[in-house]
Each structure stands twice: as structure tokens, then as C-alpha cells.
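The file upload-v1.cif comes next; it holds mmCIF, C-alpha atoms.
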```cif
data_input
#
loop_
_atom_site.group_PDB
_atom_site.id
_atom_site.type_symbol
_atom_site.label_atom_id
_atom_site.label_comp_id
_atom_site.auth_asym_id
_atom_site.auth_seq_id
_atom_site.Cartn_x
_atom_site.Cartn_y
_atom_site.Cartn_z
ATOM 1 C CA MET A 1 -2.669 -15.826 -15.922
ATOM 2 C CA SER A 2 -2.626 -13.527 -12.921
ATOM 3 C CA SER A 3 0.602 -11.701 -12.167
ATOM 4 C CA THR A 4 2.364 -11.220 -8.836
ATOM 5 C CA THR A 5 3.343 -7.713 -9.882
ATOM 6 C CA SER A 6 1.073 -4.715 -9.808
ATOM 7 C CA PRO A 7 -0.343 -2.463 -12.550
ATOM 8 C CA ALA A 8 -0.339 0.531 -10.194
ATOM 9 C CA VAL A 9 3.122 1.920 -10.973
ATOM 10 C CA PRO A 10 2.917 1.625 -14.789
ATOM 11 C CA ARG A 11 -0.559 3.185 -14.578
ATOM 12 C CA ARG A 12 0.803 6.148 -12.616
ATOM 13 C CA ARG A 13 3.725 6.564 -15.008
ATOM 14 C CA LEU A 14 1.496 6.338 -18.100
ATOM 15 C CA ARG A 15 -0.988 8.936 -16.861
ATOM 16 C CA THR A 16 1.882 11.312 -16.016
ATOM 17 C CA ASP A 17 3.499 10.825 -19.425
ATOM 18 C CA LEU A 18 0.241 11.324 -21.317
ATOM 19 C CA LYS A 19 -0.610 14.485 -19.420
ATOM 20 C CA ARG A 20 2.872 15.856 -20.075
ATOM 21 C CA ALA A 21 2.645 14.951 -23.779
ATOM 22 C CA ARG A 22 -0.704 16.729 -24.087
ATOM 23 C CA GLN A 23 0.648 19.852 -22.438
ATOM 24 C CA GLN A 24 3.759 19.816 -24.634
ATOM 25 C CA ALA A 25 1.476 19.577 -27.668
ATOM 26 C CA GLY A 26 -0.316 22.713 -26.445
ATOM 27 C CA LEU A 27 -3.688 20.981 -26.149
ATOM 28 C CA THR A 28 -6.357 21.257 -23.468
ATOM 29 C CA GLN A 29 -8.339 18.267 -22.308
ATOM 30 C CA GLU A 30 -11.379 19.755 -24.071
ATOM 31 C CA ALA A 31 -9.444 20.001 -27.347
ATOM 32 C CA VAL A 32 -8.309 16.393 -27.068
ATOM 33 C CA ALA A 33 -11.869 15.229 -26.444
ATOM 34 C CA ALA A 34 -13.064 17.101 -29.532
ATOM 35 C CA GLU A 35 -10.256 15.833 -31.772
ATOM 36 C CA MET A 36 -10.606 12.220 -30.624
ATOM 37 C CA ASP A 37 -14.427 12.329 -30.580
ATOM 38 C CA TRP A 38 -14.347 11.260 -26.943
ATOM 39 C CA SER A 39 -16.215 12.579 -23.965
ATOM 40 C CA LEU A 40 -14.264 14.992 -21.780
ATOM 41 C CA SER A 41 -14.739 12.617 -18.859
ATOM 42 C CA LYS A 42 -12.876 9.864 -20.770
ATOM 43 C CA VAL A 43 -9.848 12.117 -21.236
ATOM 44 C CA ILE A 44 -9.922 13.071 -17.569
ATOM 45 C CA ARG A 45 -10.233 9.441 -16.426
ATOM 46 C CA ILE A 46 -7.277 8.405 -18.605
ATOM 47 C CA GLU A 47 -5.105 11.192 -17.196
ATOM 48 C CA THR A 48 -6.058 10.367 -13.610
ATOM 49 C CA GLY A 49 -5.422 6.677 -14.175
ATOM 50 C CA SER A 50 -8.927 5.653 -13.125
ATOM 51 C CA VAL A 51 -9.418 3.800 -16.432
ATOM 52 C CA GLY A 52 -7.036 2.038 -18.766
ATOM 53 C CA ILE A 53 -6.509 2.863 -22.415
ATOM 54 C CA SER A 54 -6.504 0.402 -25.300
ATOM 55 C CA THR A 55 -3.463 0.207 -27.550
ATOM 56 C CA ASN A 56 -5.556 1.437 -30.512
ATOM 57 C CA ASP A 57 -6.750 4.499 -28.586
ATOM 58 C CA LEU A 58 -3.226 5.117 -27.341
ATOM 59 C CA ALA A 59 -1.777 4.984 -30.857
ATOM 60 C CA ALA A 60 -4.360 7.533 -32.054
ATOM 61 C CA LEU A 61 -3.658 9.759 -29.049
ATOM 62 C CA LEU A 62 0.087 9.688 -29.667
ATOM 63 C CA ARG A 63 -0.445 10.724 -33.286
ATOM 64 C CA LEU A 64 -2.487 13.660 -32.045
ATOM 65 C CA TYR A 65 0.338 14.579 -29.669
ATOM 66 C CA GLN A 66 2.818 14.289 -32.581
ATOM 67 C CA ILE A 67 4.865 11.594 -30.905
ATOM 68 C CA ASP A 68 6.380 9.778 -33.871
ATOM 69 C CA SER A 69 9.398 8.138 -32.219
ATOM 70 C CA GLN A 70 8.968 4.369 -32.509
ATOM 71 C CA GLU A 71 11.022 3.833 -29.363
ATOM 72 C CA ARG A 72 8.847 6.234 -27.363
ATOM 73 C CA THR A 73 5.659 4.757 -28.812
ATOM 74 C CA ASP A 74 6.751 1.221 -27.904
ATOM 75 C CA GLU A 75 7.590 2.359 -24.371
ATOM 76 C CA LEU A 76 4.149 3.900 -23.838
ATOM 77 C CA VAL A 77 2.349 0.923 -25.370
ATOM 78 C CA ALA A 78 4.267 -1.366 -22.988
ATOM 79 C CA LEU A 79 3.166 0.806 -20.059
ATOM 80 C CA ALA A 80 -0.458 0.675 -21.231
ATOM 81 C CA ARG A 81 -0.357 -3.116 -21.430
ATOM 82 C CA ALA A 82 1.282 -3.411 -18.012
ATOM 83 C CA ALA A 83 -1.326 -1.053 -16.540
ATOM 84 C CA ARG A 84 -4.139 -3.348 -17.707
ATOM 85 C CA GLN A 85 -2.711 -6.643 -16.451
ATOM 86 C CA GLN A 86 -4.568 -8.816 -13.970
ATOM 87 C CA SER A 87 -3.003 -9.731 -10.629
ATOM 88 C CA TRP A 88 -3.889 -12.251 -7.931
ATOM 89 C CA TRP A 89 -5.870 -9.629 -6.006
ATOM 90 C CA SER A 90 -8.003 -8.651 -9.021
ATOM 91 C CA ARG A 91 -10.632 -11.222 -8.040
ATOM 92 C CA TYR A 92 -11.047 -9.486 -4.679
ATOM 93 C CA ARG A 93 -11.928 -6.071 -6.106
ATOM 94 C CA GLY A 94 -15.492 -6.268 -4.803
ATOM 95 C CA SER A 95 -14.437 -7.491 -1.362
ATOM 96 C CA VAL A 96 -12.267 -4.548 -0.294
ATOM 97 C CA SER A 97 -12.474 -0.760 -0.477
ATOM 98 C CA PRO A 98 -10.981 1.021 -3.525
ATOM 99 C CA ALA A 99 -8.293 2.540 -1.275
ATOM 100 C CA TYR A 100 -7.268 -0.855 0.088
ATOM 101 C CA PHE A 101 -7.254 -2.298 -3.425
ATOM 102 C CA GLN A 102 -4.751 0.413 -4.366
ATOM 103 C CA TYR A 103 -2.787 -0.459 -1.222
ATOM 104 C CA LEU A 104 -2.406 -4.033 -2.480
ATOM 105 C CA GLU A 105 -1.165 -2.737 -5.819
ATOM 106 C CA TYR A 106 1.428 -0.404 -4.354
ATOM 107 C CA GLU A 107 2.590 -2.987 -1.815
ATOM 108 C CA ALA A 108 3.351 -5.477 -4.587
ATOM 109 C CA ASP A 109 5.552 -3.018 -6.502
ATOM 110 C CA ALA A 110 7.315 -1.229 -3.646
ATOM 111 C CA ALA A 111 11.058 -1.534 -3.122
ATOM 112 C CA VAL A 112 10.835 -0.141 0.423
ATOM 113 C CA ILE A 113 7.815 -0.248 2.757
ATOM 114 C CA ARG A 114 7.827 1.828 5.944
ATOM 115 C CA GLN A 115 4.940 1.221 8.305
ATOM 116 C CA TYR A 116 3.960 2.582 11.712
ATOM 117 C CA GLU A 117 1.332 0.777 13.793
ATOM 118 C CA ALA A 118 -0.111 1.945 17.086
ATOM 119 C CA LEU A 119 -2.598 -0.850 17.781
ATOM 120 C CA LEU A 120 -2.143 -4.064 15.799
ATOM 121 C CA VAL A 121 0.656 -6.176 14.379
ATOM 122 C CA PRO A 122 1.113 -5.198 10.689
ATOM 123 C CA GLY A 123 -0.641 -7.530 8.267
ATOM 124 C CA LEU A 124 2.596 -8.725 6.637
ATOM 125 C CA LEU A 125 3.816 -9.957 10.039
ATOM 126 C CA GLN A 126 0.611 -11.554 11.322
ATOM 127 C CA THR A 127 0.063 -15.249 11.919
ATOM 128 C CA GLU A 128 -3.112 -16.634 10.389
ATOM 129 C CA ASP A 129 -4.729 -17.033 13.832
ATOM 130 C CA TYR A 130 -3.902 -13.440 14.769
ATOM 131 C CA ALA A 131 -5.208 -12.178 11.414
ATOM 132 C CA THR A 132 -8.453 -14.109 11.869
ATOM 133 C CA ALA A 133 -8.991 -12.687 15.360
ATOM 134 C CA ALA A 134 -8.178 -9.121 14.301
ATOM 135 C CA ILE A 135 -10.366 -9.184 11.193
ATOM 136 C CA HIS A 136 -13.223 -10.838 13.098
ATOM 137 C CA GLN A 137 -13.329 -7.808 15.428
ATOM 138 C CA TYR A 138 -13.273 -5.319 12.516
ATOM 139 C CA ARG A 139 -16.307 -3.082 12.171
ATOM 140 C CA GLY A 140 -16.345 -1.764 8.639
ATOM 141 C CA HIS A 141 -18.543 0.330 6.404
ATOM 142 C CA HIS A 142 -20.615 -0.921 3.510
ATOM 143 C CA PRO A 143 -19.131 0.199 0.181
ATOM 144 C CA GLY A 144 -21.156 2.950 -1.412
ATOM 145 C CA ARG A 145 -23.238 3.645 1.680
ATOM 146 C CA SER A 146 -23.133 6.442 4.220
ATOM 147 C CA GLN A 147 -20.568 6.189 6.985
ATOM 148 C CA GLN A 148 -22.795 4.177 9.292
ATOM 149 C CA PRO A 149 -21.260 1.241 11.141
ATOM 150 C CA ALA A 150 -21.938 -1.973 9.274
ATOM 151 C CA GLY A 151 -21.288 -4.207 12.253
ATOM 152 C CA ARG A 152 -18.867 -7.093 12.290
ATOM 153 C CA LEU A 153 -17.988 -8.801 9.050
ATOM 154 C CA SER A 154 -19.751 -11.996 8.060
ATOM 155 C CA ALA A 155 -17.924 -15.295 8.483
ATOM 156 C CA LYS A 156 -17.530 -15.481 4.699
ATOM 157 C CA MET A 157 -16.022 -11.992 4.527
ATOM 158 C CA VAL A 158 -13.676 -12.724 7.446
ATOM 159 C CA LYS A 159 -12.442 -15.807 5.571
ATOM 160 C CA THR A 160 -11.918 -13.745 2.407
ATOM 161 C CA ARG A 161 -10.016 -10.994 4.234
ATOM 162 C CA VAL A 162 -7.771 -13.540 5.976
ATOM 163 C CA GLU A 163 -7.142 -15.205 2.619
ATOM 164 C CA ILE A 164 -6.071 -11.845 1.181
ATOM 165 C CA ARG A 165 -3.805 -11.120 4.141
ATOM 166 C CA MET A 166 -2.051 -14.470 3.905
ATOM 167 C CA ALA A 167 -1.659 -14.082 0.123
ATOM 168 C CA ARG A 168 -0.012 -10.675 0.674
ATOM 169 C CA GLN A 169 2.728 -12.386 2.663
ATOM 170 C CA GLU A 170 3.902 -14.193 -0.483
ATOM 171 C CA LEU A 171 5.969 -11.111 -1.286
ATOM 172 C CA LEU A 172 8.146 -12.027 1.731
ATOM 173 C CA ARG A 173 9.111 -15.213 -0.087
ATOM 174 C CA ARG A 174 10.058 -13.561 -3.357
ATOM 175 C CA PRO A 175 13.685 -13.823 -4.525
ATOM 176 C CA ASP A 176 13.833 -10.014 -4.290
ATOM 177 C CA PRO A 177 11.582 -9.038 -1.365
ATOM 178 C CA PRO A 178 11.200 -5.350 -0.566
ATOM 179 C CA SER A 179 12.959 -3.768 2.391
ATOM 180 C CA LEU A 180 10.408 -3.773 5.192
ATOM 181 C CA LEU A 181 10.709 -1.289 8.044
ATOM 182 C CA PHE A 182 8.193 -1.444 10.873
ATOM 183 C CA ILE A 183 7.802 0.788 13.913
ATOM 184 C CA LEU A 184 5.412 -0.599 16.522
ATOM 185 C CA ASP A 185 4.128 1.108 19.629
ATOM 186 C CA GLU A 186 4.702 -1.056 22.703
ATOM 187 C CA ALA A 187 0.910 -1.240 23.023
ATOM 188 C CA VAL A 188 0.917 -3.532 19.974
ATOM 189 C CA ILE A 189 3.136 -6.009 21.809
ATOM 190 C CA ARG A 190 1.348 -5.745 25.152
ATOM 191 C CA ARG A 191 -2.047 -6.249 23.525
ATOM 192 C CA THR A 192 -0.703 -9.264 21.665
ATOM 193 C CA ILE A 193 0.681 -11.045 24.732
ATOM 194 C CA GLY A 194 -2.536 -10.253 26.596
ATOM 195 C CA ASP A 195 -4.192 -12.983 24.544
ATOM 196 C CA GLU A 196 -2.565 -16.198 25.709
ATOM 197 C CA LYS A 197 -4.065 -18.130 22.810
ATOM 198 C CA LEU A 198 -2.384 -15.947 20.186
ATOM 199 C CA GLY A 199 0.480 -14.289 22.027
ATOM 200 C CA ARG A 200 3.383 -16.742 21.929
ATOM 201 C CA ALA A 201 2.981 -17.723 18.272
ATOM 202 C CA GLN A 202 2.649 -14.108 17.185
ATOM 203 C CA ILE A 203 5.639 -12.912 19.203
ATOM 204 C CA ASP A 204 7.676 -15.800 17.791
ATOM 205 C CA ARG A 205 6.612 -14.698 14.319
ATOM 206 C CA LEU A 206 7.840 -11.149 15.016
ATOM 207 C CA ILE A 207 11.181 -12.485 16.259
ATOM 208 C CA THR A 208 11.577 -14.681 13.176
ATOM 209 C CA MET A 209 10.723 -11.856 10.798
ATOM 210 C CA GLY A 210 12.838 -9.316 12.697
ATOM 211 C CA SER A 211 15.839 -11.608 12.204
ATOM 212 C CA MET A 212 15.459 -11.528 8.414
ATOM 213 C CA PRO A 213 18.033 -9.339 6.591
ATOM 214 C CA TYR A 214 15.341 -7.394 4.731
ATOM 215 C CA VAL A 215 13.076 -6.762 7.761
ATOM 216 C CA THR A 216 13.592 -4.117 10.456
ATOM 217 C CA ILE A 217 11.318 -3.985 13.494
ATOM 218 C CA GLN A 218 11.545 -1.214 16.073
ATOM 219 C CA VAL A 219 9.462 -0.878 19.224
ATOM 220 C CA VAL A 220 8.495 2.476 20.722
ATOM 221 C CA PRO A 221 8.565 1.920 24.511
ATOM 222 C CA PHE A 222 5.972 3.371 26.851
ATOM 223 C CA SER A 223 8.841 5.184 28.563
ATOM 224 C CA LEU A 224 9.027 7.565 25.598
ATOM 225 C CA GLY A 225 5.731 9.038 26.747
ATOM 226 C CA MET A 226 3.538 11.006 24.355
ATOM 227 C CA TYR A 227 4.828 11.556 20.817
ATOM 228 C CA VAL A 228 3.596 13.047 17.566
ATOM 229 C CA GLY A 229 1.441 10.702 15.485
ATOM 230 C CA MET A 230 1.143 8.069 18.198
ATOM 231 C CA ALA A 231 -2.537 7.368 17.457
ATOM 232 C CA GLU A 232 -2.201 7.170 13.674
ATOM 233 C CA ASN A 233 -1.406 4.215 11.426
ATOM 234 C CA TYR A 234 0.311 4.850 8.118
ATOM 235 C CA THR A 235 2.450 3.248 5.430
ATOM 236 C CA ILE A 236 4.947 4.859 3.047
ATOM 237 C CA PHE A 237 5.752 3.020 -0.183
ATOM 238 C CA SER A 238 8.933 3.787 -2.146
ATOM 239 C CA PHE A 239 9.608 2.340 -5.601
ATOM 240 C CA PRO A 240 12.698 1.194 -7.536
ATOM 241 C CA ASP A 241 12.464 3.909 -10.194
ATOM 242 C CA ALA A 242 13.324 7.411 -8.982
ATOM 243 C CA GLU A 243 10.646 8.812 -11.319
ATOM 244 C CA ASP A 244 7.931 7.110 -9.275
ATOM 245 C CA HIS A 245 6.988 9.272 -6.305
ATOM 246 C CA ASP A 246 6.500 7.776 -2.864
ATOM 247 C CA VAL A 247 2.949 6.886 -1.879
ATOM 248 C CA LEU A 248 1.482 7.523 1.574
ATOM 249 C CA TYR A 249 -1.400 5.405 2.819
ATOM 250 C CA PHE A 250 -2.962 7.013 5.846
ATOM 251 C CA GLU A 251 -5.562 5.053 7.772
ATOM 252 C CA GLY A 252 -7.946 7.348 9.618
ATOM 253 C CA ALA A 253 -10.852 6.590 11.918
ATOM 254 C CA ALA A 254 -13.515 6.641 9.194
ATOM 255 C CA ALA A 255 -11.641 5.967 5.962
ATOM 256 C CA ALA A 256 -8.276 5.470 4.295
ATOM 257 C CA THR A 257 -6.572 8.128 2.183
ATOM 258 C CA ILE A 258 -3.773 7.826 -0.354
ATOM 259 C CA PHE A 259 -1.362 10.654 -1.177
ATOM 260 C CA SER A 260 0.882 10.067 -4.178
ATOM 261 C CA HIS A 261 2.497 13.447 -4.829
ATOM 262 C CA ASP A 262 6.044 13.465 -3.526
ATOM 263 C CA GLU A 263 5.947 17.103 -2.444
ATOM 264 C CA SER A 264 2.505 17.119 -0.838
ATOM 265 C CA GLY A 265 2.413 18.510 2.690
ATOM 266 C CA GLU A 266 1.142 15.210 4.046
ATOM 267 C CA MET A 267 3.922 13.214 2.420
ATOM 268 C CA ILE A 268 6.642 15.486 3.810
ATOM 269 C CA LEU A 269 5.061 15.475 7.274
ATOM 270 C CA TYR A 270 4.739 11.716 7.559
ATOM 271 C CA ARG A 271 8.222 11.040 6.188
ATOM 272 C CA GLN A 272 9.646 13.389 8.841
ATOM 273 C CA MET A 273 7.502 11.784 11.546
ATOM 274 C CA TYR A 274 8.715 8.326 10.593
ATOM 275 C CA GLU A 275 12.396 9.314 10.561
ATOM 276 C CA GLU A 276 12.151 11.084 13.917
ATOM 277 C CA LEU A 277 10.285 8.182 15.480
ATOM 278 C CA SER A 278 12.836 5.701 14.145
ATOM 279 C CA LYS A 279 15.556 7.632 15.996
ATOM 280 C CA ALA A 280 13.529 7.732 19.233
ATOM 281 C CA ALA A 281 12.424 4.070 19.202
ATOM 282 C CA LEU A 282 14.479 1.137 20.446
ATOM 283 C CA SER A 283 17.141 0.132 17.951
ATOM 284 C CA PRO A 284 16.417 -2.966 15.821
ATOM 285 C CA ASP A 285 18.783 -5.059 17.974
ATOM 286 C CA ASP A 286 17.291 -3.780 21.231
ATOM 287 C CA SER A 287 13.785 -4.334 19.862
ATOM 288 C CA LEU A 288 14.660 -7.938 18.999
ATOM 289 C CA SER A 289 16.053 -8.438 22.498
ATOM 290 C CA TYR A 290 12.885 -6.934 23.955
ATOM 291 C CA LEU A 291 10.725 -9.344 21.930
ATOM 292 C CA THR A 292 12.908 -12.304 22.908
ATOM 293 C CA ASN A 293 12.577 -11.412 26.601
ATOM 294 C CA ILE A 294 8.804 -11.155 26.138
ATOM 295 C CA ALA A 295 8.706 -14.587 24.491
ATOM 296 C CA ASP A 296 10.810 -16.112 27.289
ATOM 297 C CA GLY A 297 8.326 -14.787 29.818
ATOM 298 C CA ILE A 298 5.297 -16.355 28.134
ATOM 299 C CA ALA A 299 4.429 -19.739 29.558
#
```
Exercise: express the given structure as C-alpha cells:
Amino acid sequence: MSSTTSPAVPRRRLRTDLKRARQQAGLTQEAVAAEMDWSLSKVIRIETGSVGISTNDLAALLRLYQIDSQERTDELVALARAARQQSWWSRYRGSVSPAYFQYLEYEADAAVIRQYEALLVPGLLQTEDYATAAIHQYRGHHPGRSQQPAGRLSAKMVKTRVEIRMARQELLRRPDPPSLLFILDEAVIRRTIGDEKLGRAQIDRLITMGSMPYVTIQVVPFSLGMYVGMAENYTIFSFPDAEDHDVLYFEGAAAATIFSHDESGEMILYRQMYEELSKAALSPDDSLSYLTNIADGIA
């Protein structure tokens, strides 16, 4: 049965623990490969989390690392099993980019999600009609090909992407939803109401979501003028366990990039940008009033 939780966090924790255990045992990756009769690339892939590890291989690896505590062994085996579980989005692996697939994993496990959007309503807040229109206009790139425009998505792919986006919103209905903090440039709102067919329903959706106790929406008014990062879209995921570093998903013009080291320059920069922008934007209450006034003005 597919799970609603993600294997991403246990996978990250397992790869970190195994790398640390190897180093504490005084072994190089080459030495491990020789002792285990594995290829060097297998050791590297396990430590980067790009492949899972079977419980039999893990048990042999822990013996090599001289980890004989039953409690510690059970903990690592549990992580390995959790890292290999299937989730609802597993069946879409071939329909989205590897970076976006990771995004889905991190989103499902995050305790706090901070997102800035300059152009479009965030996916978690979109109505199905808005999502369909936005995805229909998307011009992507074929996986595994050079960065040449692939043109608009096929009708089948649009349907699949909308299906994924609506399924993501199930996390809003969980008993323990994450804290969701959104900062939207006013252009997002103005572009939305510019489409009479979609505008009212989507603005109403923002008002409804912004009234939820676990959702914060802030609007950056045009009156603020130019500001740092105004043309970039990014998301910062934070997790319940303090040992799990924040993850930054940065969406650039040509591709998406994920940074998962808590002290990386990019992570520090974007956290600071978000905090500063939150202080400069309309307050949550003022943003809700702004959206309500917009809705009242739509026929």
C-alpha cells in the first residue's frame, strides 16, 4: 500500500549516519567496496542516497563498521525500510523531473513550508481550474534531452500534472498539517484577477486558505518597489527533527535546484531573504483584507 509520508527524510538521515559510521571506523569508500566486494559506485550511491540498501546488505555493512549495538542496528534497519517505502507519488516518477520528484518527497515530510512566488499562485493554494490553465501554458524540457524547449505539454501530461497538484493538497487535510507560509508578489494577484474566468474562485480560495490557523499568506505590494529576489521562486522546507537540515528548492529559468546543507551559502541567503521580505510585506491580516477587497470588487 502506498504511504502518505515520504522516504526522503529517512533516506537523508540514513546516508548521513552510514557515512559517519564509515568515517568513525577509519575506512575509505574504496576500502568498503573492497571488503564488501561491491563496486565503488555502489558505496558512493548509498552514501549519497541515490539508491536504497537492502536489510541484508545493511547488516553486513554494520558488521564491517563494528556497530554491534542491537538498538542502533534496529534504528538503522528501520530507517532503511522507511527509505524504501512507496508513496502515492511513486507512480508518477516518469512524469516529472527528478528535482520535482524530490520536491514532492520533502513537501510530504515538512513541518514548516515557506514559499515565495513572483508569478503564479502556489500549487498548494490553486483551484483545479487555475492549475489546469497554468500547467497548460507550461513549456517544459524533455527529460534526458538538451535544454531545448519541448513546447506545451500534451493533453495527457497536463491531466497528469493537474492530478499530481490536486493530490498534493491532501496534506492540507491531514490531522497534523504543516505550517504553511506564503509570500506572494502583488503581480500574482493582479494576474489572477485579470482572468475573469478563474479570478473570483481563485481569490476566494486564497481567502479561505489564508483564514486557516496553519496558513499564513502575505502580499508584497507594488508600492514596495524593487526588492532583492523579486524575480525568483523558491521554497524552504523545515522538518520536525532538528537533526534534519532545511531543504531549499530554487526554481530557475532553465531548471530546478535543491540545496540540502543547512550551512550552504544559498540556504543562508534565501532564509535571510525570506525573513526580510516577510517584514516588508503586508501583514497577514492586512493581506487578507487586501484579498477580501479584491474579491468584493470582482463582479
Closest-contact table, region 179-292 of chain A side, partner region 7-17 of chain A, 12 Å, counting all atoms listed in the file, as JSON lines:
```
{"residue": "A:Phe237", "atom": "CA", "partner": "A:Val9", "partner_atom": "CA", "distance": 11.2}
{"residue": "A:Ser238", "atom": "CA", "partner": "A:Val9", "partner_atom": "CA", "distance": 10.7}
{"residue": "A:Phe239", "atom": "CA", "partner": "A:Val9", "partner_atom": "CA", "distance": 8.4}
{"residue": "A:Pro240", "atom": "CA", "partner": "A:Val9", "partner_atom": "CA", "distance": 10.2}
{"residue": "A:Asp241", "atom": "CA", "partner": "A:Val9", "partner_atom": "CA", "distance": 9.6}
{"residue": "A:Ala242", "atom": "CA", "partner": "A:Arg13", "partner_atom": "CA", "distance": 11.4}
{"residue": "A:Glu243", "atom": "CA", "partner": "A:Arg13", "partner_atom": "CA", "distance": 8.2}
{"residue": "A:Asp244", "atom": "CA", "partner": "A:Arg13", "partner_atom": "CA", "distance": 7.1}
{"residue": "A:His245", "atom": "CA", "partner": "A:Arg12", "partner_atom": "CA", "distance": 9.4}
{"residue": "A:Asp246", "atom": "CA", "partner": "A:Val9", "partner_atom": "CA", "distance": 10.6}
{"residue": "A:Val247", "atom": "CA", "partner": "A:Val9", "partner_atom": "CA", "distance": 10.4}
{"residue": "A:Ser260", "atom": "CA", "partner": "A:Arg12", "partner_atom": "CA", "distance": 9.3}
{"residue": "A:His261", "atom": "CA", "partner": "A:Arg12", "partner_atom": "CA", "distance": 10.8}
```
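Nearest residue to Gly297 (chain A) among A:Pro221, A:Leu18, A:Met212, A:Glu196 is A:Glu196, counting only C-alpha atoms.
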- Top pick for closest residue to Thr127 (chain A), considering A:Val162, A:Ile53, A:Val219, A:Leu62 and counting all atoms listed in the file: A:Val162
- Target residues per the PyMOL selection byres ((chain A and resi 201) around 10), formatted as number ranges by chain: A: 126-127, 129-130, 192-193, 196-200, 202-207, 295
- Item | Two-atom distance - CA of Thr216 (chain A), CA of Asn293 (chain A) (Å) |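 Spanning CA of Thr216 (chain A) to CA of Asn293 (chain A) is a straight-line distance of 17.7 Å.
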- Item | Closest of A:Leu27, A:Ala118, A:Leu40, A:Leu291 to Asp185 (chain A) - atom-to-atom distances counting all atoms listed in the file | A:Ala118
Each side padded by 6 Å, which centre and which edge lengths in Å (one decimal) define the axis-aligned box around the listed atoms of region 21-29 of chain A? Give them as lines of an AutoDock Vina configuration file.
```
center_x = -2.3
center_y = 18.8
center_z = -25.0
size_x = 24.1
size_y = 19.8
size_z = 17.4
```
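The closest residue to Leu125 (chain A), picked from A:Arg174, A:Arg271, A:Arg165, A:Lys159 and counting only C-alpha atoms, is A:Arg165.
Minimum atom-to-atom distances from A:Ile294, A:Val215, A:Ile236, A:Val121 to Ile268 (chain A) were compared using all atoms listed in the file, and the lowest value belongs to A:Ile236.
The gap separating CA of Ser97 (chain A) from CA of Ile183 (chain A) is 24.9 Å, in Å to one decimal.
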- Item | Straight-line distance linking CA of Ala281 (chain A) with CA of Ile217 (chain A), stated in Å to one decimal |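 Answer for the CA of Ala281 (chain A) to CA of Ile217 (chain A) separation: 9.9 Å.
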- List the residues selected by the PyMOL selection byres ((chain A and resi 132) around 12) in the file shown, writing them as a list in words.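 With the shown file as input, the PyMOL selection byres ((chain A and resi 132) around 12) matches Gly123, Gln126, Thr127, Glu128, Asp129, Tyr130, Ala131, Ala133, Ala134, Ile135, His136, Gln137, Tyr138, Leu153, Ala155, Lys156, Met157, Val158, Lys159, Thr160, Arg161, Val162, Glu163, Ile164, Arg165, Met166 and Leu198 of chain A.
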- Query: Do you know which residues the PyMOL selection byres ((chain A and resi 81) around 9) returns on this file, as a PyMOL selection string?
  - Reply: chain A and resi 7+10+52-55+76-80+82-85
- Would you mind telling me which residue in A:Val32, A:Val112, A:Ile189, A:Met273 lies nearest to Gly229 (chain A) when using all atoms listed in the file?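 Among the listed residues, A:Met273 lies closest to Gly229 (chain A).
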- Item | Selection: 10 Å around Val228 (chain A), all atoms listed in the file, excl. self and same-chain fewer than 5 positions, as an MDAnalysis selection string | chainID A and resid 273:274 276:277
- Task: Around the point (-6.4, 16.6, -19.5) in the file's coordinates, collect all residues with an atom within 12 Å, using only C-alpha atoms, and return them as JSON, numbers by chain.
- Result: {"A": [15, 16, 17, 18, 19, 20, 21, 22, 23, 24, 25, 26, 27, 28, 29, 30, 31, 32, 33, 39, 40, 41, 42, 43, 44, 45, 46, 47, 48, 49]}
- Determine, counting only C-alpha atoms, which protein, DNA and RNA residues have an atom within 6 Å of an atom of Glu251 (chain A); residues of the same chain fewer than 2 positions away are not included. Present the result as a list in words.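 So, after excluding close chain neighbours, the residues are Asn233, Tyr234 and Ala256 of chain A.
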Once you have the residues from the selection above, write them out as an mmCIF file, in the coordinates of the input, restricted to C-alpha atoms.
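Result saved to out-v3.cif:
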```cif
data_model
loop_
_atom_site.group_PDB
_atom_site.id
_atom_site.type_symbol
_atom_site.label_atom_id
_atom_site.label_comp_id
_atom_site.auth_asym_id
_atom_site.auth_seq_id
_atom_site.Cartn_x
_atom_site.Cartn_y
_atom_site.Cartn_z
ATOM 1 C CA ASN A 233 -1.406 4.215 11.426
ATOM 2 C CA TYR A 234 0.311 4.850 8.118
ATOM 3 C CA ALA A 256 -8.276 5.470 4.295
#
```
Incomplete region 53-64 of chain A brought to N, CA and C atoms, written out as a PDB file, in the coordinates of the input:
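The resulting file, result_18.pdb, is reproduced below:
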```pdb
ATOM      1  N   ILE A  53      -6.355   2.401 -21.042  1.00  0.00           N
ATOM      2  CA  ILE A  53      -6.509   2.863 -22.415  1.00  0.00           C
ATOM      3  C   ILE A  53      -6.056   1.737 -23.338  1.00  0.00           C
ATOM      4  N   SER A  54      -6.856   1.459 -24.354  1.00  0.00           N
ATOM      5  CA  SER A  54      -6.504   0.402 -25.300  1.00  0.00           C
ATOM      6  C   SER A  54      -5.317   0.841 -26.140  1.00  0.00           C
ATOM      7  N   THR A  55      -4.619  -0.127 -26.727  1.00  0.00           N
ATOM      8  CA  THR A  55      -3.463   0.207 -27.550  1.00  0.00           C
ATOM      9  C   THR A  55      -3.879   0.983 -28.798  1.00  0.00           C
ATOM     10  N   ASN A  56      -5.083   0.690 -29.344  1.00  0.00           N
ATOM     11  CA  ASN A  56      -5.556   1.437 -30.512  1.00  0.00           C
ATOM     12  C   ASN A  56      -5.821   2.895 -30.161  1.00  0.00           C
ATOM     13  N   ASP A  57      -6.492   3.120 -29.019  1.00  0.00           N
ATOM     14  CA  ASP A  57      -6.750   4.499 -28.586  1.00  0.00           C
ATOM     15  C   ASP A  57      -5.450   5.218 -28.277  1.00  0.00           C
ATOM     16  N   LEU A  58      -4.503   4.500 -27.676  1.00  0.00           N
ATOM     17  CA  LEU A  58      -3.226   5.117 -27.341  1.00  0.00           C
ATOM     18  C   LEU A  58      -2.468   5.529 -28.605  1.00  0.00           C
ATOM     19  N   ALA A  59      -2.471   4.664 -29.607  1.00  0.00           N
ATOM     20  CA  ALA A  59      -1.777   4.984 -30.857  1.00  0.00           C
ATOM     21  C   ALA A  59      -2.363   6.241 -31.495  1.00  0.00           C
ATOM     22  N   ALA A  60      -3.702   6.348 -31.484  1.00  0.00           N
ATOM     23  CA  ALA A  60      -4.360   7.533 -32.054  1.00  0.00           C
ATOM     24  C   ALA A  60      -4.027   8.779 -31.242  1.00  0.00           C
ATOM     25  N   LEU A  61      -3.958   8.628 -29.918  1.00  0.00           N
ATOM     26  CA  LEU A  61      -3.658   9.759 -29.049  1.00  0.00           C
ATOM     27  C   LEU A  61      -2.224  10.248 -29.274  1.00  0.00           C
ATOM     28  N   LEU A  62      -1.312   9.314 -29.455  1.00  0.00           N
ATOM     29  CA  LEU A  62       0.087   9.688 -29.667  1.00  0.00           C
ATOM     30  C   LEU A  62       0.272  10.408 -31.009  1.00  0.00           C
ATOM     31  N   ARG A  63      -0.501  10.003 -32.005  1.00  0.00           N
ATOM     32  CA  ARG A  63      -0.445  10.724 -33.286  1.00  0.00           C
ATOM     33  C   ARG A  63      -0.912  12.153 -33.105  1.00  0.00           C
ATOM     34  N   LEU A  64      -1.974  12.317 -32.313  1.00  0.00           N
ATOM     35  CA  LEU A  64      -2.487  13.660 -32.045  1.00  0.00           C
ATOM     36  C   LEU A  64      -1.436  14.499 -31.328  1.00  0.00           C
TER      37      LEU A  64
END
```
